Each structure stands twice: as C-alpha cells, then as structure tokens.
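Participant: For reference, the file run_35.cif (mmCIF, C-alpha atoms and all ligand atoms) is included below:
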data_run
#
loop_
_atom_site.label_atom_id
_atom_site.label_comp_id
_atom_site.auth_asym_id
_atom_site.auth_seq_id
_atom_site.Cartn_x
_atom_site.Cartn_y
_atom_site.Cartn_z
CA MET U 1 60.09 51.17 83.80
CA SER U 2 59.21 49.52 80.56
CA GLY U 3 61.59 49.94 77.66
CA LEU U 4 64.76 50.17 79.76
CA HIS U 5 67.86 48.71 78.13
CA LEU U 6 70.57 47.37 80.43
CA LEU U 7 74.09 46.47 79.34
CA LEU U 8 75.53 43.67 81.48
CA HIS U 9 79.20 42.72 81.50
CA THR U 10 80.61 40.24 83.98
CA THR U 11 82.56 37.01 83.68
CA GLU U 12 81.35 35.93 87.12
CA GLN U 13 78.02 34.09 87.12
CA PRO U 14 76.62 35.95 84.07
CA GLU U 15 73.60 33.63 83.68
CA GLN U 16 72.63 34.10 87.33
CA TRP U 17 72.89 37.86 86.92
CA VAL U 18 70.63 37.85 83.89
CA ALA U 19 68.05 35.72 85.70
CA ALA U 20 68.16 37.77 88.90
CA LEU U 21 67.97 41.11 87.08
CA GLN U 22 65.16 39.89 84.86
CA LYS U 23 63.26 38.84 88.00
CA GLU U 24 63.71 42.27 89.60
CA LEU U 25 63.17 44.28 86.42
CA PRO U 26 60.82 42.15 84.28
CA GLN U 27 60.22 44.86 81.70
CA ALA U 28 63.87 45.68 81.10
CA ARG U 29 65.85 44.28 78.17
CA ILE U 30 69.23 42.92 79.20
CA HIS U 31 72.04 42.94 76.64
CA ARG U 32 75.35 41.20 77.09
CA ALA U 33 77.35 41.87 73.96
CA SER U 34 79.42 44.95 73.31
CA ASP U 35 77.34 45.48 70.16
CA ALA U 36 74.26 46.09 72.33
CA PRO U 37 71.90 48.91 71.33
CA GLN U 38 72.08 52.26 73.14
CA CYS U 39 71.49 51.35 76.78
CA ASP U 40 70.18 53.31 79.75
CA TYR U 41 72.35 51.67 82.39
CA ALA U 42 75.52 49.56 82.32
CA LEU U 43 76.06 46.93 85.03
CA VAL U 44 79.67 45.82 85.00
CA TRP U 45 82.51 44.03 86.72
CA GLN U 46 86.00 44.57 85.26
CA PRO U 47 84.72 45.98 81.97
CA PRO U 48 86.88 45.40 78.88
CA ALA U 49 88.30 48.36 76.95
CA GLY U 50 85.78 49.71 74.48
CA LEU U 51 82.67 48.71 76.40
CA PHE U 52 81.50 52.26 77.07
CA GLY U 53 82.74 53.77 73.81
CA GLY U 54 79.53 53.04 71.91
CA GLN U 55 77.23 53.96 74.80
CA PRO U 56 76.79 57.75 74.82
CA ALA U 57 73.35 57.66 76.49
CA LEU U 58 74.15 55.92 79.76
CA LYS U 59 72.34 57.41 82.76
CA ALA U 60 74.58 55.56 85.24
CA VAL U 61 77.10 52.74 85.48
CA PHE U 62 76.66 50.19 88.27
CA SER U 63 79.67 48.31 89.63
CA LEU U 64 78.68 44.72 90.46
CA GLY U 65 81.23 44.81 93.27
CA ALA U 66 82.14 47.17 96.11
CA GLY U 67 85.50 48.23 94.71
CA VAL U 68 85.57 50.53 91.69
CA ASP U 69 89.32 50.89 91.07
CA SER U 70 89.28 48.88 87.84
CA LEU U 71 86.17 50.68 86.62
CA LEU U 72 87.55 54.16 87.26
CA THR U 73 90.62 53.51 85.14
CA SER U 74 88.37 53.49 82.03
CA ASP U 75 88.91 56.81 80.25
CA GLU U 76 85.87 56.20 78.01
CA LEU U 77 83.45 56.86 80.83
CA PRO U 78 82.17 60.46 80.53
CA GLU U 79 82.69 62.48 83.74
CA ALA U 80 78.99 63.24 83.94
CA VAL U 81 77.90 59.59 84.14
CA PRO U 82 77.47 58.59 87.79
CA VAL U 83 79.16 55.40 88.96
CA VAL U 84 77.19 53.53 91.61
CA ARG U 85 78.63 50.59 93.53
CA VAL U 86 77.15 47.67 95.42
CA GLU U 87 77.01 48.43 99.13
CA ASP U 88 77.32 45.49 101.52
CA SER U 89 74.62 43.21 100.09
CA GLY U 90 75.92 40.32 102.22
CA MET U 91 79.61 41.23 101.82
CA ALA U 92 80.10 42.85 105.24
CA SER U 93 79.31 39.67 107.18
CA GLN U 94 81.63 37.66 104.88
CA MET U 95 84.45 40.16 105.49
CA ALA U 96 83.86 39.94 109.23
CA GLU U 97 84.00 36.12 109.11
CA TYR U 98 87.36 36.19 107.31
CA ALA U 99 88.84 38.81 109.62
CA LEU U 100 87.57 37.04 112.76
CA TYR U 101 89.13 33.80 111.56
CA ALA U 102 92.50 35.52 111.17
CA VAL U 103 92.25 37.40 114.49
CA LEU U 104 91.31 34.25 116.43
CA ASP U 105 94.00 32.23 114.66
CA ALA U 106 96.61 34.81 115.67
CA PHE U 107 95.29 35.31 119.20
CA ARG U 108 95.01 31.58 120.03
CA GLU U 109 98.28 30.75 118.21
CA PHE U 110 96.72 27.90 116.23
CA ARG U 111 99.48 27.96 113.61
CA CYS U 112 102.04 27.48 116.37
CA TYR U 113 100.14 24.39 117.60
CA ALA U 114 99.95 23.08 114.02
CA ARG U 115 103.76 23.36 113.80
CA GLN U 116 104.13 21.63 117.16
CA GLN U 117 101.85 18.80 116.05
CA ARG U 118 104.05 18.19 113.00
CA SER U 119 106.97 17.51 115.39
CA HIS U 120 104.76 15.63 117.91
CA GLN U 121 105.40 18.29 120.49
CA TRP U 122 103.00 18.68 123.44
CA SER U 123 103.58 22.15 124.82
CA ALA U 124 101.10 24.75 126.07
CA ARG U 125 101.56 28.42 125.28
CA PRO U 126 100.71 30.83 128.12
CA PRO U 127 97.15 32.23 127.95
CA ARG U 128 96.69 35.82 126.80
CA GLU U 129 94.20 38.57 127.58
CA ARG U 130 92.03 39.92 124.76
CA ALA U 131 92.42 43.36 126.28
CA ASP U 132 96.15 43.21 125.50
CA PHE U 133 95.62 42.16 121.90
CA ALA U 134 94.69 45.21 119.85
CA VAL U 135 93.46 44.89 116.28
CA GLY U 136 93.76 47.63 113.63
CA VAL U 137 91.28 48.06 110.80
CA LEU U 138 92.31 50.35 107.93
CA GLY U 139 89.14 51.66 106.26
CA LEU U 140 85.97 52.33 108.21
CA GLY U 141 83.47 52.28 105.35
CA VAL U 142 80.63 49.85 104.76
CA LEU U 143 82.82 46.76 105.14
CA GLY U 144 85.50 48.07 107.51
CA SER U 145 83.14 49.49 110.12
CA TYR U 146 81.07 46.28 110.26
CA THR U 147 84.23 44.18 110.53
CA ALA U 148 85.76 46.43 113.20
CA GLN U 149 82.58 46.18 115.28
CA ALA U 150 82.45 42.39 114.91
CA ILE U 151 86.04 42.14 116.19
CA GLY U 152 85.32 44.60 119.02
CA ALA U 153 82.25 42.59 120.04
CA LEU U 154 84.59 39.73 121.00
CA GLY U 155 86.41 41.98 123.45
CA PHE U 156 89.50 42.93 121.43
CA PRO U 157 90.45 46.62 121.51
CA VAL U 158 89.95 47.87 117.95
CA TYR U 159 91.65 50.87 116.35
CA GLY U 160 90.09 51.97 113.06
CA TRP U 161 91.47 54.38 110.48
CA SER U 162 89.68 56.41 107.85
CA ARG U 163 90.35 59.44 105.65
CA THR U 164 87.88 61.68 107.46
CA PRO U 165 86.87 61.53 111.15
CA ARG U 166 84.40 58.70 111.83
CA ARG U 167 82.42 57.42 114.80
CA VAL U 168 81.96 53.66 115.10
CA THR U 169 80.60 52.27 118.36
CA GLY U 170 83.20 50.20 120.20
CA VAL U 171 86.05 51.29 117.91
CA THR U 172 88.75 53.89 118.61
CA CYS U 173 88.50 55.88 115.40
CA LEU U 174 91.55 57.70 114.06
CA HIS U 175 92.36 59.49 110.85
CA GLY U 176 95.21 61.34 109.16
CA SER U 177 98.88 60.36 109.18
CA SER U 178 99.26 60.61 112.97
CA GLY U 179 96.18 58.39 113.30
CA LEU U 180 97.72 55.83 110.98
CA ALA U 181 100.94 55.81 113.00
CA GLU U 182 98.91 55.14 116.16
CA VAL U 183 96.96 52.28 114.58
CA LEU U 184 100.11 50.67 113.21
CA ALA U 185 101.93 50.95 116.53
CA SER U 186 99.13 49.11 118.35
CA ALA U 187 97.90 46.49 115.89
CA ARG U 188 98.83 42.88 116.69
CA VAL U 189 96.61 42.09 113.71
CA LEU U 190 96.11 44.64 110.94
CA VAL U 191 93.04 44.18 108.73
CA VAL U 192 93.10 46.17 105.48
CA LEU U 193 89.75 47.28 104.06
CA LEU U 194 90.71 50.41 102.12
CA PRO U 195 89.80 51.17 98.52
CA LEU U 196 92.68 51.31 96.03
CA THR U 197 93.15 54.97 95.08
CA VAL U 198 96.01 57.27 94.15
CA GLN U 199 96.44 57.99 97.87
CA THR U 200 96.32 54.39 99.12
CA ARG U 201 98.36 52.57 96.44
CA GLY U 202 101.48 51.13 98.11
CA LEU U 203 100.42 52.55 101.49
CA LEU U 204 101.76 49.56 103.39
CA ASP U 205 105.41 49.81 102.41
CA ALA U 206 108.57 48.87 104.30
CA ARG U 207 108.44 51.99 106.48
CA ARG U 208 104.82 51.49 107.58
CA LEU U 209 105.08 47.70 107.97
CA ALA U 210 108.07 48.35 110.26
CA ARG U 211 105.82 50.32 112.60
CA LEU U 212 103.72 47.26 113.41
CA PRO U 213 104.56 45.45 116.66
CA HIS U 214 107.09 42.63 116.26
CA GLY U 215 105.25 39.43 115.31
CA ALA U 216 102.13 41.19 113.98
CA VAL U 217 99.82 39.60 111.42
CA LEU U 218 98.67 41.35 108.24
CA VAL U 219 95.24 40.58 106.75
CA ASN U 220 94.74 42.17 103.33
CA LEU U 221 91.16 41.76 102.15
CA ALA U 222 90.91 44.85 99.95
CA ARG U 223 93.32 45.21 97.01
CA GLY U 224 96.79 43.73 96.49
CA ALA U 225 98.41 46.98 95.37
CA LEU U 226 97.78 48.57 98.78
CA VAL U 227 100.74 46.54 100.04
CA ALA U 228 104.29 46.65 98.65
CA GLU U 229 104.69 42.92 98.03
CA ALA U 230 108.51 42.84 98.13
CA ASP U 231 108.50 44.77 101.43
CA LEU U 232 105.96 42.36 102.89
CA LEU U 233 108.08 39.36 101.89
CA ARG U 234 111.14 40.93 103.50
CA ALA U 235 109.25 41.62 106.75
CA LEU U 236 108.03 38.01 106.85
CA ASN U 237 111.43 36.55 105.98
CA GLU U 238 113.10 38.60 108.70
CA GLY U 239 110.50 37.42 111.24
CA ARG U 240 109.23 40.95 111.90
CA LEU U 241 105.77 39.90 110.79
CA ALA U 242 104.49 36.50 111.93
CA HIS U 243 102.03 35.85 109.13
CA ALA U 244 99.98 37.38 106.34
CA PHE U 245 96.52 36.35 105.24
CA LEU U 246 96.22 37.59 101.67
CA ASP U 247 93.00 37.45 99.66
CA VAL U 248 94.03 40.00 97.04
CA PHE U 249 97.15 40.49 94.93
CA SER U 250 98.71 43.03 92.61
CA THR U 251 98.26 40.50 89.80
CA GLU U 252 95.25 38.19 89.88
CA PRO U 253 95.11 35.26 89.52
CA LEU U 254 98.34 35.04 91.54
CA PRO U 255 100.89 34.02 88.85
CA PRO U 256 102.40 30.51 88.91
CA GLY U 257 105.77 30.60 90.61
CA HIS U 258 104.94 33.70 92.65
CA PRO U 259 106.83 33.51 95.98
CA PHE U 260 103.59 33.93 97.96
CA TRP U 261 102.29 30.51 96.86
CA ASP U 262 104.76 28.44 98.89
CA HIS U 263 105.69 30.89 101.62
CA PRO U 264 105.13 29.30 105.06
CA GLY U 265 104.19 32.70 106.48
CA ILE U 266 101.46 33.41 103.96
CA THR U 267 97.92 32.11 103.62
CA VAL U 268 96.58 32.68 100.09
CA THR U 269 92.90 32.78 99.22
CA PRO U 270 91.68 33.55 95.68
CA HIS U 271 89.86 36.88 96.13
CA VAL U 272 86.93 35.35 97.94
CA ALA U 273 86.89 37.29 101.22
CA ALA U 274 83.48 38.75 100.34
CA GLN U 275 81.75 37.66 97.17
CA THR U 276 78.83 39.55 95.71
CA THR U 277 75.71 37.47 96.26
CA VAL U 278 73.78 37.86 93.04
CA ALA U 279 70.13 37.90 94.15
CA PRO U 280 70.41 40.59 96.88
CA ALA U 281 72.81 42.67 94.78
CA ALA U 282 70.44 42.54 91.79
CA ARG U 283 67.62 43.66 94.11
CA GLN U 284 69.73 46.55 95.40
CA ILE U 285 70.63 47.64 91.87
CA ALA U 286 67.02 47.35 90.66
CA GLU U 287 65.85 49.52 93.57
CA LYS U 288 68.46 52.12 92.72
CA ILE U 289 67.52 52.11 89.04
CA ALA U 290 63.87 52.63 90.03
CA LYS U 291 64.89 55.60 92.20
CA LEU U 292 67.03 57.12 89.46
CA GLU U 293 64.17 56.74 87.00
CA ARG U 294 61.96 58.67 89.45
CA GLY U 295 64.64 61.34 89.74
CA GLU U 296 65.44 60.44 93.36
CA PRO U 297 68.97 60.30 94.83
CA VAL U 298 70.66 56.98 95.53
CA THR U 299 73.42 55.95 97.94
CA GLY U 300 76.71 54.38 96.87
CA VAL U 301 77.53 56.99 94.23
CA VAL U 302 81.30 57.04 93.79
CA ASP U 303 83.16 60.31 94.11
CA ARG U 304 85.30 59.89 91.01
CA ARG U 305 87.74 62.60 92.01
CA ARG U 306 88.36 60.90 95.37
CA GLY U 307 88.56 57.49 93.71
CA TYR U 308 86.05 55.59 95.89
P1 LIG U 401 83.89 52.24 101.44
O1 LIG U 401 84.03 53.18 100.31
O2 LIG U 401 82.56 52.10 102.10
O3 LIG U 401 84.93 52.59 102.60
C1 LIG U 401 86.23 52.99 102.32
C2 LIG U 401 86.90 53.39 103.64
O4 LIG U 401 88.29 53.64 103.36
C3 LIG U 401 86.32 54.67 104.23
O5 LIG U 401 86.30 54.59 105.63
C4 LIG U 401 87.33 55.73 103.77
O6 LIG U 401 87.44 56.87 104.61
C5 LIG U 401 88.62 54.94 103.85
N1 LIG U 401 89.64 55.57 103.01
C6 LIG U 401 89.61 55.83 101.69
N2 LIG U 401 90.72 56.49 101.30
C7 LIG U 401 91.46 56.65 102.42
C8 LIG U 401 92.70 57.28 102.69
N3 LIG U 401 93.43 57.87 101.72
N4 LIG U 401 93.15 57.28 103.95
C9 LIG U 401 92.42 56.72 104.94
N5 LIG U 401 91.24 56.11 104.76
C10 LIG U 401 90.77 56.07 103.51
O7 LIG U 401 84.38 50.80 100.89
P2 LIG U 401 83.90 49.36 101.34
O8 LIG U 401 84.03 49.25 102.81
O9 LIG U 401 82.59 49.03 100.72
O10 LIG U 401 85.00 48.45 100.60
C11 LIG U 401 86.37 48.61 100.89
C12 LIG U 401 87.20 47.85 99.83
O11 LIG U 401 87.11 46.45 100.02
C13 LIG U 401 86.72 48.04 98.38
O12 LIG U 401 87.17 49.26 97.85
C14 LIG U 401 87.35 46.84 97.69
O13 LIG U 401 88.62 47.18 97.18
C15 LIG U 401 87.51 45.82 98.81
N6 LIG U 401 86.69 44.62 98.60
C16 LIG U 401 87.31 43.39 98.54
C17 LIG U 401 86.56 42.25 98.40
C18 LIG U 401 87.18 40.91 98.44
O14 LIG U 401 86.51 39.90 98.25
N7 LIG U 401 88.45 40.80 98.73
C19 LIG U 401 85.10 42.30 98.26
C20 LIG U 401 84.54 43.64 98.38
C21 LIG U 401 85.34 44.74 98.53
P3 LIG U 401 86.18 57.85 104.87
O15 LIG U 401 85.27 57.05 105.79
O16 LIG U 401 86.78 59.02 105.53
O17 LIG U 401 85.56 58.12 103.54
C1 LIG U 402 84.62 43.88 95.21
C2 LIG U 402 85.47 42.72 95.10
O1 LIG U 402 85.16 44.98 95.19
O2 LIG U 402 84.95 41.63 94.84
O3 LIG U 402 83.40 43.73 95.34
O4 LIG U 402 86.67 42.80 95.28
#
If you convert what's in this file into structure tokens, what do you get?

Facilitator:
Amino acid sequence: MSGLHLLLHTTEQPEQWVAALQKELPQARIHRASDAPQCDYALVWQPPAGLFGGQPALKAVFSLGAGVDSLLTSDELPEAVPVVRVEDSGMASQMAEYALYAVLDAFREFRCYARQQRSHQWSARPPRERADFAVGVLGLGVLGSYTAQAIGALGFPVYGWSRTPRRVTGVTCLHGSSGLAEVLASARVLVVLLPLTVQTRGLLDARRLARLPHGAVLVNLARGALVAEADLLRALNEGRLAHAFLDVFSTEPLPPGHPFWDHPGITVTPHVAAQTTVAPAARQIAEKIAKLERGEPVTGVVDRRRGY
C-alpha cells in the first residue's frame, strides 16, 4: 500500500490521529490541509465546506465517528464515493455505561434521595422489582443492540425498536409505527440510539413524549435533533417526564443561556457518551483501507439514500 495519500480532517485529537494512522499505515502520506494533493481516501469528522471539492479521485470517505449525519449533508461528495463509518471500536461499551448509569439512577431513585438530603430528610422509598421497570431502546444497531443487551443482563425487561425487524437476545424487538407505540407505552426509561435522518428528525415530539408512562426518564445519546427540545421542556415542566439525561443537542456546544443548562430536571453532558478511541479506530480504518485496496468488501458502508 505504498504511495497512498490520505486526507485527514478532524478538530478532535488531530495529532493523535496522525500518529495512530501513521503507525497502522507506515507507507501512507497523511495530509491535513485542504490544499492537499489528490488523495485516495479522506478521513473526516465534521468536514468544512469545500473539503471534497478539490478531491475528484477519492476511493472512499471514512467518518471518524459512528454518526454520518453531518457528513451526508455535504453536496460536494459524489454519489459514487462510498462513505464508511467507524463501527463500535470501544464506543458500544461506553454507551452501555452511560445508559446503565441513567437506568440505575432512575430505578433506585438516587435523585430523589439527593433532594431529600438537601432538606435533611430521612425517608425510605418502597423497593421496586426490576421486572416491573421496562426500558426502551430506540435503535438496535451496533450501539443500541449492545446497550439493550447490557440493560437486559441486569434483569430489566428491554423493548428495542428498529426500522427493520431485528433479533437481539434478551430484548423484545419491535419495529414500525405500532412497534414504536408499544415501546413508548412501556418505557420507564427511554434510551435513544437512532441515527439522525430525514425519517428520525424530530421523532420525539410532544405527541410521542406524551405516550411515555408518567414520570418516565429520557436518555438521548444519539443526536439532539431527534427530540423536539421545546416539547421536552414542556413535558419536564409539567412533571410528565421526571428527568432527561442529554448528551447531544440541536446546537453544540449548548449555547450560553439555553434553558437546559439550569433546568433541575435535565442532566447535561457535552457529547461524550461514547468517544472514538483513536488507536482502535485507526486500526479499524487501516484494515478497511487494506481490504478496499485488495478489492474486498468492507462493513460499515453507509446507505446514503437511507441516511445511515
Ligand atoms: P447503526 O447504524 O448501527 O444503527 C442504527 C439503528 O437505528 C438501527 O437499528 C436502525 O434500524 C435504526 N433506525 C434507523 N432509522 C430508523 C427509523 N427510521 N426507524 C426506526 N429505527 C431506525 O448506528 P450506531 O448504533 O452505530 O449509532 C447510532 C447513533 O449513535 C449514531 O448515528 C450517532 O448519531 C450516535 N452516536 C452518538 C455518540 C455520542 O457520543 N453521543 C457517539 C457515537 C454515536 P435497522 O436495524 O432496521 O437498520
Ligand atoms: C459519533 C459521535 O457519531 O461522536 O461517533 O457522535
């Protein structure tokens, strides 16, 4: 694979990416500027406008993350160029950790005890059965199916939802609009792990949030625009939802003065639910480049029509 030219664009740990890619692909030349020579592959996260314009010879574009919504909005990317995304590479276990934290927090009512402590109140809540505490997971892909299984392994009934029928051990798998209605009606905690597409944008609006059981908890780990923010605020303010753990937002970074920052019913984290770990992701990408160079198929190719 000598003579390969790679175009790298990321604002997140760029030096580490260069070092890790150079280790995996010692003969490749890695270019970081938009005035790079004609490259064989582009490796990008949130590419700026114009990045692909001067690159007519790309054999594939690799997303350095799992989500490709920001990449697919680029209209400079020729239809014929495959887009390949990072699959898991350490992200699934991070997602599961975050979701488990939220599920256990809701199930054991730790935020209620924190409130009680502030008023020096010693008062036990009645114990609950895991079997009565169903969790919904929207999205049963690489990250959602792992997370759903991790939650199920603790004994919580788990209802998962996908676009097409899926089988995930230990998870009641549903699809389609009737499937969504069933998941929403059961979920004491709803974990969102869907890609942002034309179909999923604004999916969790007032009507669908209202289908959740009273006092449910929303955990959005995927993309902010999946949830109608004003509708979520209303549901929290009216006490219909007990809490929301939000890692992702329609605008990131979350703007100063945004009502989510100080809302007592919202936990904000700065898009860190599952971070790409550079060394394993660089290895995965290098292996895929080697396969593509040999003319072999690779996994993780995005269906651009479908949007994920
Ligand atoms: P996958 O592509 O592997 O899985 C997507 C899942 O969503 C699939 O089960 C798919 O259904 C389902 N889905 C897609 N469209 C619909 C629809 N219209 N209706 C119902 N189900 C739908 O993605 P990943 O699991 O790898 O990642 C999920 C998302 O997580 C990413 O797109 C990204 O936005 C987000 N993410 C967030 C991170 C963070 O730190 N906050 C980090 C990494 C990712 P089917 O199985 O039928 O295809
Ligand atoms: C991703 C992300 O999609 O970090 O990988 O959100």

Participant: Which residues form the shell of 8 Å around ligand LIG 401 (chain U) when you count only C-alpha atoms and all ligand atoms, given as an MDAnalysis selection string?

Facilitator: chainID U and resid 65:69 86:88 91:92 95 138:145 161:166 175:176 193:197 199:200 220:223 247:248 271:276 306:308

Participant: Can you write just those residues out, C-alpha atoms, as a CSV table (one decimal), in the frame of the given file?

Facilitator:
chain,number,residue,atom,x,y,z
U,65,GLY,CA,81.2,44.8,93.3
U,66,ALA,CA,82.1,47.2,96.1
U,67,GLY,CA,85.5,48.2,94.7
U,68,VAL,CA,85.6,50.5,91.7
U,69,ASP,CA,89.3,50.9,91.1
U,86,VAL,CA,77.2,47.7,95.4
U,87,GLU,CA,77.0,48.4,99.1
U,88,ASP,CA,77.3,45.5,101.5
U,91,MET,CA,79.6,41.2,101.8
U,92,ALA,CA,80.1,42.8,105.2
U,95,MET,CA,84.4,40.2,105.5
U,138,LEU,CA,92.3,50.4,107.9
U,139,GLY,CA,89.1,51.7,106.3
U,140,LEU,CA,86.0,52.3,108.2
U,141,GLY,CA,83.5,52.3,105.4
U,142,VAL,CA,80.6,49.8,104.8
U,143,LEU,CA,82.8,46.8,105.1
U,144,GLY,CA,85.5,48.1,107.5
U,145,SER,CA,83.1,49.5,110.1
U,161,TRP,CA,91.5,54.4,110.5
U,162,SER,CA,89.7,56.4,107.8
U,163,ARG,CA,90.4,59.4,105.6
U,164,THR,CA,87.9,61.7,107.5
U,165,PRO,CA,86.9,61.5,111.2
U,166,ARG,CA,84.4,58.7,111.8
U,175,HIS,CA,92.4,59.5,110.8
U,176,GLY,CA,95.2,61.3,109.2
U,193,LEU,CA,89.8,47.3,104.1
U,194,LEU,CA,90.7,50.4,102.1
U,195,PRO,CA,89.8,51.2,98.5
U,196,LEU,CA,92.7,51.3,96.0
U,197,THR,CA,93.2,55.0,95.1
U,199,GLN,CA,96.4,58.0,97.9
U,200,THR,CA,96.3,54.4,99.1
U,220,ASN,CA,94.7,42.2,103.3
U,221,LEU,CA,91.2,41.8,102.2
U,222,ALA,CA,90.9,44.8,100.0
U,223,ARG,CA,93.3,45.2,97.0
U,247,ASP,CA,93.0,37.4,99.7
U,248,VAL,CA,94.0,40.0,97.0
U,271,HIS,CA,89.9,36.9,96.1
U,272,VAL,CA,86.9,35.4,97.9
U,273,ALA,CA,86.9,37.3,101.2
U,274,ALA,CA,83.5,38.8,100.3
U,275,GLN,CA,81.8,37.7,97.2
U,276,THR,CA,78.8,39.6,95.7
U,306,ARG,CA,88.4,60.9,95.4
U,307,GLY,CA,88.6,57.5,93.7
U,308,TYR,CA,86.0,55.6,95.9

Participant: Please compute the atom CA of Arg188 of chain U-atom CA of Gln116 of chain U distance, one decimal, in Å.

Facilitator: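 Those two atoms sit 21.9 Å apart.
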
Participant: Which distance in Å separates atom CA of Pro82 of chain U and atom CA of Ala57 of chain U, to one decimal?

Facilitator: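 Between atom CA of Pro82 of chain U and atom CA of Ala57 of chain U the gap is 12.1 Å.
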
Participant: Using all atoms listed in the file, pick whichever of U:Val44, U:Ala106, U:Ala242, U:Ala49 has the shortest atom-to-atom distance to ligand LIG 402 (chain U).

Facilitator: U:Val44

Participant: Expressed in Å to a single decimal, how great is the separation between atom CA of Asp231 of chain U and atom CA of Ser250 of chain U?

Facilitator: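 Answer for the atom CA of Asp231 of chain U to atom CA of Ser250 of chain U separation: 13.3 Å.
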
Participant: Which one of U:Gly90, U:Pro48, U:Gly152, U:Gly257 sits closest to ligand LIG 402 (chain U) if you count only C-alpha atoms and all ligand atoms?

Facilitator: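 Ranked by minimum distance to ligand LIG 402 (chain U), first place goes to U:Gly90.
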
Participant: Tell me which protein, DNA and RNA residues are within 12 Å of Gln46 of chain U, counting all atoms listed in the file, leaving out same-chain ones fewer than 3 positions away, and put them as a list in words.

Facilitator: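 Skipping anything fewer than 3 positions along the chain leaves Leu8, His9, Thr10, Thr11, Glu12, Ala42, Leu43, Ala49, Gly50, Leu51, Phe62, Ser63, Leu64, Gly65, Ala66, Gly67, Val68, Asp69, Ser70, Leu71, Leu72, Thr73 and Ser74 of chain U.
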
Participant: Take the point (73.8, 38.5, 99.7) as written in the file and pick out every residue within 6 Å of it, counting all atoms listed in the file; give the list as an NGL selection string.

Facilitator: :U and (89-90 or 277 or 280)

Participant: Within 7 Å of segment 180-187 of chain U, counting all atoms listed in the file, which residues qualify if same-chain residues fewer than 2 places away don't, as a VMD selection string?

Facilitator: chain U and resid 134 to 136 159 161 175 to 178 189 to 190 211 to 213

Participant: From the set U:Leu232, U:Arg85, U:Gly215, U:Ala148, which residue has the shortest atom-to-atom contact distance to ligand LIG 402 (chain U), counting only C-alpha atoms and all ligand atoms?

Facilitator: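 Ranked by minimum distance to ligand LIG 402 (chain U), first place goes to U:Arg85.
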
Participant: Which of these residues is nearest to ligand LIG 402 (chain U), using all atoms listed in the file: U:Val198, U:Leu154, U:Val168, U:Ala281?

Facilitator: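 Residue with the minimum atom-to-atom distance to ligand LIG 402 (chain U): U:Ala281.
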
Participant: Between U:Gly3, U:Pro26, U:Pro14, U:Gly155, which has the minimum distance to Trp45 of chain U (counting all atoms listed in the file)?

Facilitator: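 Among the listed residues, U:Pro14 lies closest to Trp45 of chain U.
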
Participant: Could you check which of U:Gly224, U:Leu254, U:Leu77, U:Gln55 is closest to Val192 of chain U, using only C-alpha atoms?

Facilitator: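 Smallest distance to Val192 of chain U is found for U:Gly224.
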
Participant: Determine, counting all atoms listed in the file, which protein, DNA and RNA residues have an atom within 9 Å of an atom of Ala230 of chain U; residues of the same chain fewer than 3 positions away are not included. Present the result as a PyMOL selection string.

Facilitator: chain U and resi 205-206+227+233-235

Participant: Give the centre and edge lengths of an axis-aligned box, in Å to one decimal, that holds all listed atoms of segment 60-77 of chain U with 5 Å on each side, as AutoDock Vina command-line options.

Facilitator:
--center_x 82.6 --center_y 50.8 --center_z 87.1 --size_x 26.0 --size_y 22.1 --size_z 28.1

Participant: Could you list, as an MDAnalysis selection string, every residue within 9 Å of Gln38 of chain U, counting all atoms listed in the file and ignoring same-chain residues fewer than 6 positions away?

Facilitator: chainID U and resid 5:7 54:58

Participant: Starting from the incomplete input, reconstruct N, CA and C atoms of segment 144-155 of chain U and write that as a compact mmCIF listing (two decimals), keeping the file's coordinate frame.

Facilitator:
# COMPACT_ATOMS: atom_id res chain seq x y z
N GLY U 144 84.55 47.92 106.40
CA GLY U 144 85.50 48.07 107.51
C GLY U 144 84.80 48.33 108.84
N SER U 145 83.77 49.16 108.83
CA SER U 145 83.14 49.49 110.12
C SER U 145 82.40 48.27 110.67
N TYR U 146 81.76 47.50 109.80
CA TYR U 146 81.07 46.28 110.26
C TYR U 146 82.09 45.29 110.83
N THR U 147 83.20 45.13 110.10
CA THR U 147 84.23 44.18 110.53
C THR U 147 84.86 44.62 111.85
N ALA U 148 85.14 45.91 111.96
CA ALA U 148 85.76 46.43 113.20
C ALA U 148 84.82 46.18 114.38
N GLN U 149 83.54 46.39 114.18
CA GLN U 149 82.58 46.18 115.28
C GLN U 149 82.48 44.70 115.65
N ALA U 150 82.53 43.83 114.64
CA ALA U 150 82.45 42.39 114.91
C ALA U 150 83.66 41.95 115.73
N ILE U 151 84.82 42.50 115.44
CA ILE U 151 86.04 42.14 116.19
C ILE U 151 85.94 42.71 117.62
N GLY U 152 85.48 43.96 117.70
CA GLY U 152 85.32 44.60 119.02
C GLY U 152 84.32 43.85 119.89
N ALA U 153 83.29 43.29 119.27
CA ALA U 153 82.25 42.59 120.04
C ALA U 153 82.82 41.38 120.77
N LEU U 154 83.97 40.87 120.31
CA LEU U 154 84.59 39.73 121.00
C LEU U 154 85.49 40.18 122.15
N GLY U 155 85.64 41.48 122.32
CA GLY U 155 86.41 41.98 123.45
C GLY U 155 87.82 42.43 123.10
